[in-house]
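Have a look at query-v4.cif; it's mmCIF, C-alpha atoms:
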```
data_model
loop_
_atom_site.group_PDB
_atom_site.id
_atom_site.type_symbol
_atom_site.label_atom_id
_atom_site.label_comp_id
_atom_site.auth_asym_id
_atom_site.auth_seq_id
_atom_site.Cartn_x
_atom_site.Cartn_y
_atom_site.Cartn_z
ATOM 1 C CA MET A 1 52.584 45.662 110.743
ATOM 2 C CA LYS A 2 55.542 47.905 109.956
ATOM 3 C CA ILE A 3 54.537 50.330 112.737
ATOM 4 C CA LYS A 4 54.167 47.483 115.239
ATOM 5 C CA GLN A 5 57.649 46.199 114.393
ATOM 6 C CA GLU A 6 59.057 49.736 114.691
ATOM 7 C CA ILE A 7 57.525 50.061 118.156
ATOM 8 C CA LEU A 8 58.937 46.690 119.205
ATOM 9 C CA ASN A 9 62.373 47.574 117.849
ATOM 10 C CA ARG A 10 62.406 50.847 119.769
ATOM 11 C CA GLY A 11 61.306 49.169 122.993
ATOM 12 C CA ILE A 12 58.435 51.548 123.655
ATOM 13 C CA THR A 13 54.852 50.833 124.614
ATOM 14 C CA HIS A 14 51.888 51.528 122.395
ATOM 15 C CA GLU A 15 50.853 54.331 124.734
ATOM 16 C CA GLN A 16 54.303 55.928 124.487
ATOM 17 C CA HIS A 17 54.128 55.683 120.711
ATOM 18 C CA MET A 18 50.703 57.338 120.696
ATOM 19 C CA GLN A 19 51.937 60.177 122.902
ATOM 20 C CA GLU A 20 54.755 60.760 120.435
ATOM 21 C CA VAL A 21 52.723 60.710 117.208
ATOM 22 C CA LEU A 22 49.867 62.736 118.716
ATOM 23 C CA LYS A 23 52.197 65.707 119.143
ATOM 24 C CA ASP A 24 51.489 66.395 115.468
ATOM 25 C CA ASN A 25 48.299 68.498 115.172
ATOM 26 C CA GLU A 26 47.334 67.014 111.805
ATOM 27 C CA TYR A 27 47.716 63.496 113.193
ATOM 28 C CA GLN A 28 45.498 64.509 116.144
ATOM 29 C CA LYS A 29 42.781 65.720 113.778
ATOM 30 C CA ASP A 30 42.871 62.539 111.692
ATOM 31 C CA TYR A 31 42.996 60.355 114.799
ATOM 32 C CA LEU A 32 39.971 62.029 116.372
ATOM 33 C CA ARG A 33 38.042 62.093 113.092
ATOM 34 C CA LEU A 34 38.567 58.366 112.588
ATOM 35 C CA ASN A 35 37.623 57.607 116.189
ATOM 36 C CA ILE A 36 34.466 59.716 115.922
ATOM 37 C CA GLU A 37 33.513 57.816 112.767
ATOM 38 C CA GLU A 38 34.079 54.480 114.531
ATOM 39 C CA TYR A 39 32.053 55.671 117.536
ATOM 40 C CA ALA A 40 29.193 56.615 115.203
ATOM 41 C CA LYS A 41 29.315 53.133 113.624
ATOM 42 C CA ASN A 42 29.730 50.900 116.665
ATOM 43 C CA GLY A 43 28.725 53.030 119.667
ATOM 44 C CA ASP A 44 31.835 52.106 121.672
ATOM 45 C CA TYR A 45 32.087 55.316 123.681
ATOM 46 C CA ALA A 46 34.881 53.998 125.918
ATOM 47 C CA LEU A 47 37.233 53.626 122.948
ATOM 48 C CA PHE A 48 36.240 57.027 121.556
ATOM 49 C CA PHE A 49 36.793 58.795 124.855
ATOM 50 C CA LYS A 50 40.150 57.040 125.288
ATOM 51 C CA SER A 51 41.204 58.752 122.057
ATOM 52 C CA LEU A 52 40.018 62.073 123.467
ATOM 53 C CA GLU A 53 41.949 61.430 126.678
ATOM 54 C CA ARG A 54 45.133 60.830 124.700
ATOM 55 C CA VAL A 55 44.736 64.099 122.804
ATOM 56 C CA VAL A 56 43.921 66.037 125.977
ATOM 57 C CA LYS A 57 47.049 64.711 127.685
ATOM 58 C CA VAL A 58 49.220 65.791 124.753
ATOM 59 C CA ARG A 59 47.670 69.268 124.544
ATOM 60 C CA THR A 60 47.027 70.130 128.176
ATOM 61 C CA THR A 61 45.939 68.443 131.397
ATOM 62 C CA ILE A 62 42.554 67.096 132.380
ATOM 63 C CA SER A 63 42.507 69.622 135.231
ATOM 64 C CA GLN A 64 43.164 72.540 132.904
ATOM 65 C CA LEU A 65 40.625 71.406 130.328
ATOM 66 C CA ALA A 66 38.011 70.929 133.068
ATOM 67 C CA LYS A 67 38.723 74.440 134.294
ATOM 68 C CA ASP A 68 38.513 75.865 130.752
ATOM 69 C CA LEU A 69 35.211 74.060 130.150
ATOM 70 C CA GLU A 70 33.877 74.904 133.614
ATOM 71 C CA MET A 71 33.418 71.216 134.356
ATOM 72 C CA ASN A 72 34.136 69.130 137.411
ATOM 73 C CA ARG A 73 37.625 67.633 137.000
ATOM 74 C CA SER A 74 36.640 64.265 138.422
ATOM 75 C CA ASN A 75 33.623 64.036 136.111
ATOM 76 C CA LEU A 76 35.735 64.914 133.053
ATOM 77 C CA SER A 77 38.326 62.335 134.072
ATOM 78 C CA ASN A 78 35.655 59.644 134.444
ATOM 79 C CA ILE A 79 34.245 60.534 131.020
ATOM 80 C CA LEU A 80 37.657 60.353 129.358
ATOM 81 C CA LYS A 81 38.377 57.007 131.009
ATOM 82 C CA GLY A 82 35.085 55.614 129.676
ATOM 83 C CA LYS A 83 33.620 55.140 133.150
ATOM 84 C CA VAL A 84 30.740 57.548 132.543
ATOM 85 C CA GLN A 85 28.842 58.018 129.296
ATOM 86 C CA PRO A 86 28.279 61.750 128.863
ATOM 87 C CA SER A 87 25.322 63.459 127.280
ATOM 88 C CA PHE A 88 25.563 64.631 123.686
ATOM 89 C CA ASP A 89 25.845 68.230 124.929
ATOM 90 C CA THR A 90 28.795 67.353 127.158
ATOM 91 C CA THR A 91 30.490 65.454 124.341
ATOM 92 C CA MET A 92 30.117 68.459 122.067
ATOM 93 C CA LYS A 93 31.424 70.755 124.807
ATOM 94 C CA ILE A 94 34.569 68.636 125.154
ATOM 95 C CA LEU A 95 35.099 68.503 121.398
ATOM 96 C CA ARG A 96 34.650 72.270 121.067
ATOM 97 C CA GLY A 97 37.071 72.719 123.976
ATOM 98 C CA LEU A 98 39.647 70.848 121.920
ATOM 99 C CA GLY A 99 38.943 73.074 118.934
ATOM 100 C CA ALA A 100 36.943 70.563 116.907
ATOM 101 C CA GLU A 101 34.362 71.557 114.358
ATOM 102 C CA ILE A 102 31.746 68.933 113.598
ATOM 103 C CA GLU A 103 30.262 68.466 110.156
ATOM 104 C CA VAL A 104 27.315 66.143 109.647
ATOM 105 C CA LYS A 105 26.826 64.514 106.263
ATOM 106 C CA PHE A 106 23.841 62.509 105.143
ATOM 107 C CA ALA A 107 24.314 59.709 102.644
#
```
Would it be possible to restate this file's structure as structure tokens?
Amino acid sequence: MKIKQEILNRGITHEQHMQEVLKDNEYQKDYLRLNIEEYAKNGDYALFFKSLERVVKVRTTISQLAKDLEMNRSNLSNILKGKVQPSFDTTMKILRGLGAEIEVKFA
């Protein structure tokens, strides 16, 4: 609740706040890790890819990332906006493009 009040006091939107805090690389890692865990639990790919979109926009542009990954820009944009559910391979390609390393643990 403290963060919400801070945002309200500063007169910024949630999206503006996220853009600010996501400038920190460690915060980005934690944010993506938590969103990946939530995606694995509930399958809400739109929410997960929204988190990826936020990180992409802080680090680079969708156009540049698409070029780096040799993907169609429009397709990448639709994936990040949750309009298209990508294959597992494409998801991994995007994560690797952002420098993520994935570790799988079995309980």
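Considering all atoms listed in the file, the residue among A:Tyr45, A:Ile102, A:Leu65, A:Ile36 positioned nearest to Ser87 in chain A is A:Tyr45.
The smallest atom-to-atom distance between Val58 in chain A and any of A:Ile79, A:Ile12, A:Val21, A:Leu95, using only C-alpha atoms, is found for A:Val21.
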**OP:** Enter the distance from CA of Leu32 in chain A to CA of Ser63 in chain A, in Å, rounded to one decimal.
**Re:**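 Pair CA of Leu32 in chain A / CA of Ser63 in chain A returns 20.5 Å.
Checking A:Val56, A:Leu98, A:Ile62, A:Leu69 one by one against Gln19 in chain A, counting all atoms listed in the file, you find the shortest gap at A:Val56.
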Original post:
Pick the closest to Asn78 in chain A from A:Glu101, A:Lys93, A:Ala40, A:Ala66: which is it, counting all atoms listed in the file?
Top reply: A:Ala66
**OP:** Write out as a VMD selection string the residues lying within 9 Å of Leu80 in chain A, counting only C-alpha atoms and excluding same-chain residues fewer than 3 positions away.
**Re:** chain A and resid 46 48 to 54 62 75 to 77 83 to 84
Original post:
Please, what distance in Å, to one decimal, runs between CA of Thr13 in chain A and CA of Gln28 in chain A?
Top reply: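 Atom-to-atom, CA of Thr13 in chain A and CA of Gln28 in chain A are spaced 18.6 Å apart.
Coordinates place CA of His14 in chain A at a distance of 21.7 Å from CA of Glu37 in chain A.
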Original post:
Hey, which of A:Lys81, A:Arg73, A:Tyr31, A:Gly11 ends up closest to Thr61 in chain A? Count only C-alpha atoms.
Top reply: A:Arg73
Subject >> Residue among A:Lys23, A:Leu47, A:Gln85, A:Glu15 lying closest to Thr60 in chain A, counting all atoms listed in the file >> reply: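 Of all the options, A:Lys23 lies closest to Thr60 in chain A.
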Return range 50-72 of chain A, completed with N, CA and C atoms, as a PDB file, keeping the file's coordinate frame.
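Output contents, as saved in out.pdb:
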```pdb
ATOM      1  N   LYS A  50      38.720  57.315 125.071  1.00  0.00           N
ATOM      2  CA  LYS A  50      40.150  57.040 125.288  1.00  0.00           C
ATOM      3  C   LYS A  50      40.972  57.851 124.284  1.00  0.00           C
ATOM      4  N   SER A  51      40.483  57.952 123.054  1.00  0.00           N
ATOM      5  CA  SER A  51      41.204  58.752 122.057  1.00  0.00           C
ATOM      6  C   SER A  51      41.188  60.222 122.461  1.00  0.00           C
ATOM      7  N   LEU A  52      40.069  60.689 122.987  1.00  0.00           N
ATOM      8  CA  LEU A  52      40.018  62.073 123.467  1.00  0.00           C
ATOM      9  C   LEU A  52      40.993  62.286 124.624  1.00  0.00           C
ATOM     10  N   GLU A  53      41.031  61.323 125.531  1.00  0.00           N
ATOM     11  CA  GLU A  53      41.949  61.430 126.678  1.00  0.00           C
ATOM     12  C   GLU A  53      43.389  61.556 126.207  1.00  0.00           C
ATOM     13  N   ARG A  54      43.762  60.760 125.214  1.00  0.00           N
ATOM     14  CA  ARG A  54      45.133  60.830 124.700  1.00  0.00           C
ATOM     15  C   ARG A  54      45.446  62.219 124.141  1.00  0.00           C
ATOM     16  N   VAL A  55      44.513  62.773 123.393  1.00  0.00           N
ATOM     17  CA  VAL A  55      44.736  64.099 122.804  1.00  0.00           C
ATOM     18  C   VAL A  55      44.794  65.164 123.896  1.00  0.00           C
ATOM     19  N   VAL A  56      43.904  65.079 124.873  1.00  0.00           N
ATOM     20  CA  VAL A  56      43.921  66.037 125.977  1.00  0.00           C
ATOM     21  C   VAL A  56      45.273  66.016 126.668  1.00  0.00           C
ATOM     22  N   LYS A  57      45.783  64.828 126.950  1.00  0.00           N
ATOM     23  CA  LYS A  57      47.049  64.711 127.685  1.00  0.00           C
ATOM     24  C   LYS A  57      48.238  65.238 126.891  1.00  0.00           C
ATOM     25  N   VAL A  58      48.141  65.236 125.572  1.00  0.00           N
ATOM     26  CA  VAL A  58      49.220  65.791 124.753  1.00  0.00           C
ATOM     27  C   VAL A  58      49.116  67.318 124.721  1.00  0.00           C
ATOM     28  N   ARG A  59      47.889  67.831 124.682  1.00  0.00           N
ATOM     29  CA  ARG A  59      47.670  69.268 124.544  1.00  0.00           C
ATOM     30  C   ARG A  59      47.722  70.028 125.860  1.00  0.00           C
ATOM     31  N   THR A  60      47.193  69.427 126.906  1.00  0.00           N
ATOM     32  CA  THR A  60      47.027  70.130 128.176  1.00  0.00           C
ATOM     33  C   THR A  60      46.905  69.080 129.278  1.00  0.00           C
ATOM     34  N   THR A  61      46.240  69.417 130.348  1.00  0.00           N
ATOM     35  CA  THR A  61      45.939  68.443 131.397  1.00  0.00           C
ATOM     36  C   THR A  61      44.423  68.339 131.537  1.00  0.00           C
ATOM     37  N   ILE A  62      43.987  67.251 132.134  1.00  0.00           N
ATOM     38  CA  ILE A  62      42.554  67.096 132.380  1.00  0.00           C
ATOM     39  C   ILE A  62      42.080  68.209 133.303  1.00  0.00           C
ATOM     40  N   SER A  63      42.881  68.543 134.300  1.00  0.00           N
ATOM     41  CA  SER A  63      42.507  69.622 135.231  1.00  0.00           C
ATOM     42  C   SER A  63      42.325  70.944 134.514  1.00  0.00           C
ATOM     43  N   GLN A  64      43.249  71.270 133.615  1.00  0.00           N
ATOM     44  CA  GLN A  64      43.164  72.540 132.904  1.00  0.00           C
ATOM     45  C   GLN A  64      41.977  72.567 131.947  1.00  0.00           C
ATOM     46  N   LEU A  65      41.762  71.461 131.240  1.00  0.00           N
ATOM     47  CA  LEU A  65      40.625  71.406 130.328  1.00  0.00           C
ATOM     48  C   LEU A  65      39.311  71.522 131.108  1.00  0.00           C
ATOM     49  N   ALA A  66      39.220  70.841 132.237  1.00  0.00           N
ATOM     50  CA  ALA A  66      38.011  70.929 133.068  1.00  0.00           C
ATOM     51  C   ALA A  66      37.781  72.376 133.501  1.00  0.00           C
ATOM     52  N   LYS A  67      38.833  73.038 133.892  1.00  0.00           N
ATOM     53  CA  LYS A  67      38.723  74.440 134.294  1.00  0.00           C
ATOM     54  C   LYS A  67      38.266  75.296 133.113  1.00  0.00           C
ATOM     55  N   ASP A  68      38.876  75.098 131.954  1.00  0.00           N
ATOM     56  CA  ASP A  68      38.513  75.865 130.752  1.00  0.00           C
ATOM     57  C   ASP A  68      37.060  75.637 130.347  1.00  0.00           C
ATOM     58  N   LEU A  69      36.581  74.405 130.535  1.00  0.00           N
ATOM     59  CA  LEU A  69      35.211  74.060 130.150  1.00  0.00           C
ATOM     60  C   LEU A  69      34.201  74.288 131.272  1.00  0.00           C
ATOM     61  N   GLU A  70      34.707  74.710 132.427  1.00  0.00           N
ATOM     62  CA  GLU A  70      33.877  74.904 133.614  1.00  0.00           C
ATOM     63  C   GLU A  70      33.143  73.617 133.973  1.00  0.00           C
ATOM     64  N   MET A  71      33.933  72.535 133.994  1.00  0.00           N
ATOM     65  CA  MET A  71      33.418  71.216 134.356  1.00  0.00           C
ATOM     66  C   MET A  71      34.127  70.735 135.608  1.00  0.00           C
ATOM     67  N   ASN A  72      33.514  69.784 136.275  1.00  0.00           N
ATOM     68  CA  ASN A  72      34.136  69.130 137.411  1.00  0.00           C
ATOM     69  C   ASN A  72      35.265  68.244 136.896  1.00  0.00           C
TER      70      ASN A  72
END
```
